[in-house]
Amino acid sequence: MQSIRAQNAVIQWHKQNNGEILLKSSGDWMLDTLKDTANTLDEISRTNRNVHIRWEVADVGRIDSAGMMLFIRSYNMLKANNCTIEIIGAKSEHEKMYRLLCRYAPGASEDMPRFFSCFLKPFHGIGKSSVSFVLDFMEFLSFIGENFVNLLYALLHPSSIRFGAIVKNIEEAGVRAIPIVALTSFLIGVVIAYQGAVQLEKFGANIFIVDMIALSVTRELGPLITAIVVAGRTGSSYTAQLGVMKITEEIDAMRTMGFDPHRFLVLPRIMALMIALPLMIFFADIIGIGAGMFISHIHLHLSYAEFMHRLQKVLAEKHVWIGIFKGPFFAWLIASVGCFRGFQVSKSTESIGRYTTISVVNAIFLVIACDALFSVIFTELGI
Amino acid sequence: MKNTIITVSDVVTRYGNHVIHDGITLSVRRGEIYGLLGGSGSGKSTMLKAMIMLLRPQAGEVRVLGHNLLTVSRSDAAFLRHQWGVLFQAGALYSSLTVEENVGIKLHEYTDLPKALIRDIVRMKIAMVGLPEEAAALYPAELSGGMVKRAALARALAMDPELLFLDEPTSGLDPIGAEAFDNLILELREILGLTVVMVTHDLDSIWTIVDRFAVLGEHKVIAEGTLKEVIRNPHPIVRQFFGGARGQIRSRDGK
């Protein structure tokens with residue numbers, strides 16, 4: 001019942017005295033038997049011009065569409081090279097297949113001009129990505145605009161705000177993130193304390209470790225690290241959630257029912273994160289300073305009481321507020337980018353992964369850029 | 001027996017405690033278009049999965065091209081996988097590849113034909129299933145539902161399989177598209193000498209292209225045979241299928 005092993009496809013050729021070429025094919029012309037024949041035939045059909053060819057095909061056994069395609073291809077190439085071809089001894093079932101497949105055979109495929117395409121490729125790439133960047137940016141602006149209109153509407157009609165969804169999102173993005181934020185900021189506190197302790201010990205200025213930890217954690221590191229953790233955790237999940245909803249056409253379904261996806265999906269997410277992130281930053285400040293205090297005690301033998309005393313003196317309230325003040329801005333960036341990229345997901349499942357990655361990269365970059373901007377502004381203002 | 005290409009005997013399939021098949025027996029002959037018919041949840045897609053080694057039945061025997069799928073060796077399994085093409089319900093085209101790459105992937109992986117020849121074969125298959133030439137460079141996300149089905153069919157046909165499995169080939173197509181697809185399958189069988197096994201609940205397909213079919217229900221094969229044979233079967237499920245309004249119209253008008 002097993003099919004008989006296929007014979008290798010064979011093509012023999014020789015030039016006759018009168019200038020004619022005799023081709024003789026035999027064997028089975030199937031996908032897995034064709035390899036050598038394909039190369040030989042390509043060679044023959046490329047090199048011969050303006051001759052008469054007699055092609056004997058009577059001995060060909062089985063033939064599949066790949067074999068027939070090879071025949072059609074060579075036949076057409078030889079024809080194009082101005083050869084006259086005479087087919088001898090074709091079986092009727094082969095002829096039938098030939099006629100059927102000929103209808104679908106592609107025309108002579110032109111090879112691209114290699115040199116120029118190779119030379120121009122980088123420019124093509126640059127142009128393409130610049131255009132897509134500009135288009136992306138314009139799309140983002142229109143997304144922000146639409147979002148802003150919805151925000152205004154929500155503020156004018158407070159009853160339309162989805163408080164349930166906001167609370168749920170705060171739990172998802174804020175409360176559930178507390179362990180990882182705690183761990184990260186604890187480690188950051190440890191790192192600063194260790195790095196600082198080594199340097200300060202040299203000068204015998206141990207007590208200044210407190211200034212260093214308190215200011216760097218509250219002003220910069222607390223907000224930044226928290227925002228980065230949230231961008232990786234929540235920004236990506238926003239993109240993936242909305243992307244899946246886009247693929248399963250849930251978003252279209254919402255639109256047809258008159259539920260504006262901005263009002264039901266985007267706004268609650270953005271608001272939730274803008275509420276949750278400042279609180280998390282405050283939490284991260286406490287943990288970070290606590291970790292610093294712990295390390296100072298172990299490493300520099302600074303007692304907890306001394307540390308607290310110094311802390312009260314150097315940590316003015318404004319430093320904490322500056323850190324927390326950045327929270328809503330970071331949150332807005334992360335949530336907007338996350339939702340925007342989610343809406344960009346197209347029909348394929350692969351694009352979810354791609355846009356999730358893009359969303360996280362964008363969000364982290366924007367957070368850091370925004371932080372740099374704040375640093376400049378606050379320094380210039382002397383705060 | 002020489003003419004049977006697939007035999008399924010006494011197959012039992014369970015998901016946990018949930019019995020899908022309880023002693024299914026059917027056979028597919030060489031060169032025919034065989035339909036698997038049944039209501040939703042009757043296990044026709046599961047049966048198809050058992051035939052293409054995506055699912056291992058708990059008991060029974062599935063023979064394809066003479067190999068018992070439950071005891072088949074690795075190399076025989078690889079051989080079998082070359083002998084069939086599968087069209088999944090939603091196409092299952094690889095979304096990161098273009099249509100041309102999707103159709104050509106098996107040719108590139110399993111044969112060592114020259115690239116130019118492979119490209120021509122792929123182009124031919126794409127033309128064969130009725131896709132325009134421009135479709136070759138598109139990604140699956142850029143295709144319409146009907147085009148996805150056609151591209152997936154071209155991919156299933158890439159290696160000139162002996163056996164073609166179709167999972168609801170016409171579902172999700174408009175009636176005109178569905179009829180065109182049916183005709184396409186008939187024509188391809190003519191050209192390539194295929195044996196086709198299709199899961200369907202499209203009555204039109206059963207009337208026009210299917211040679212023989214089995215009706216699945218109550219975990220068993222309720223009826224098997226040509227349309228003329230099955231339609232005389234008094235079983236309530238068969239009656240329901242062909243006695244409903246849609247079936248009635250067909251019976252009245254004749255073929």
# chains A, B, ... in the order shown; residues from 1 in each chain; ligands from 1

call {"tool": "closest_atom_pairs", "arguments": {"of": "chain B", "to": "chain A", "cutoff": "8 Å", "atoms": "only C-alpha atoms", "output": "CSV"}}
result
residue,atom,partner,partner_atom,distance
B:Lys2,CA,A:Met1,CA,7.2
B:Leu65,CA,A:Gln2,CA,7.1
B:Gly66,CA,A:Met1,CA,6.2
B:Ser95,CA,A:Ser348,CA,6.1
B:Ser96,CA,A:Glu350,CA,6.8
B:Thr111,CA,A:Asp32,CA,6.1
B:Asp112,CA,A:Lys35,CA,6.1
B:Leu113,CA,A:Lys35,CA,5.1
B:Pro114,CA,A:Ala38,CA,7.1
B:Leu117,CA,A:Leu70,CA,6.8
B:Asp120,CA,A:Pro106,CA,6.5
B:Ile121,CA,A:Ala66,CA,6.2
B:Arg123,CA,A:Pro106,CA,6.1
B:Met124,CA,A:Ala105,CA,5.0
B:Lys125,CA,A:Tyr104,CA,7.6
B:Ala127,CA,A:Tyr104,CA,5.4
B:Met128,CA,A:Tyr104,CA,5.6
B:Pro140,CA,A:Ser348,CA,7.5
B:Ala141,CA,A:Lys347,CA,5.3
B:Met159,CA,A:Leu31,CA,7.3
B:Asp160,CA,A:Ser65,CA,6.7
B:Ile191,CA,A:Met97,CA,6.3
B:Leu192,CA,A:Ser65,CA,7.5

call {"tool": "residues_around", "arguments": {"residues": "region 175-180 of chain A", "least_positions_apart": "2", "cutoff": "10 Å", "atoms": "only C-alpha atoms", "output": "MDAnalysis selection string"}}
result
chainID A and resid 168:173 182:186 226 229:230 233:234 276 279:280 283:284

call {"tool": "residues_around", "arguments": {"residues": "Ala50 (chain B)", "least_positions_apart": "5", "cutoff": "12 Å", "atoms": "only C-alpha atoms", "output": "list in words"}}
result
Ile6, Thr7, Val8, Ser9, Val11, Val12, Thr13, Arg14, Ile20, His21, Ile24, Gly43, Lys44, Ser45, Leu55, Arg56, Pro57, Gln58, Ala59, Gly60, Glu61, Val62, Arg63, Val64, Asn68, Leu69, Leu70 and Phe165 of chain B

call {"tool": "atom_distance", "arguments": {"atom1": "CA of His18 (chain B)", "atom2": "CA of His219 (chain B)"}}
result
10.6 Å

call {"tool": "atom_distance", "arguments": {"atom1": "CA of Leu227 (chain B)", "atom2": "CA of Gly145 (chain B)"}}
result
29.4 Å

call {"tool": "atom_distance", "arguments": {"atom1": "CA of Gly177 (chain B)", "atom2": "CA of Gly146 (chain B)"}}
result
7.1 Å

call {"tool": "select_by_dssp", "arguments": {"residues": "region 20-222 of chain B", "states": "alpha helix (DSSP H)", "output": "number ranges by chain"}}
result
B: 44-51, 74-83, 99-110, 115-128, 145-157, 175-192, 203-208

call {"tool": "residues_around", "arguments": {"residues": "region 290-295 of chain A", "least_positions_apart": "3", "cutoff": "7 Å", "atoms": "only C-alpha atoms", "output": "list in words"}}
result
Phe186, Gly189, Val190, Ala193, Ile213, Ile286, Ile287, Ile298, His299, Tyr304 and Phe307 of chain A

call {"tool": "residues_around", "arguments": {"residues": "Ile87 (chain A)", "least_positions_apart": "3", "cutoff": "10 Å", "atoms": "only C-alpha atoms", "output": "PyMOL selection string"}}
result
chain A and resi 23+53-58+75+90

call {"tool": "residues_around", "arguments": {"residues": "Val320 (chain A)", "least_positions_apart": "3", "cutoff": "7 Å", "atoms": "only C-alpha atoms", "output": "list in words"}}
result
Thr218, Arg219, Glu317, Gly323 and Ile324 of chain A

call {"tool": "residues_around", "arguments": {"residues": "Ser375 (chain A)", "least_positions_apart": "3", "cutoff": "12 Å", "atoms": "only C-alpha atoms", "output": "list in words"}}
result
Arg219, Glu220, Leu224, Ile322, Gly323, Lys326, Ile368, Ala369, Cys370, Asp371, Ala372, Phe378, Thr379, Glu380, Leu381, Gly382 and Ile383 of chain A

call {"tool": "closest_residue", "arguments": {"among": "B:Asn102, B:Ser75, B:Asn183, B:Gln89", "to": "Leu166 (chain B)", "atoms": "only C-alpha atoms"}}
result
B:Gln89

call {"tool": "closest_residue", "arguments": {"among": "B:Leu188, B:Val199, B:Leu153, B:Leu131", "to": "Leu87 (chain B)", "atoms": "only C-alpha atoms"}}
result
B:Leu153

call {"tool": "select_by_dssp", "arguments": {"residues": "region 31-193 of chain B", "states": "strand (DSSP E or B)", "output": "PyMOL selection string"}}
result
chain B and resi 33-38+59-64+67-68+84-88+91+163-167
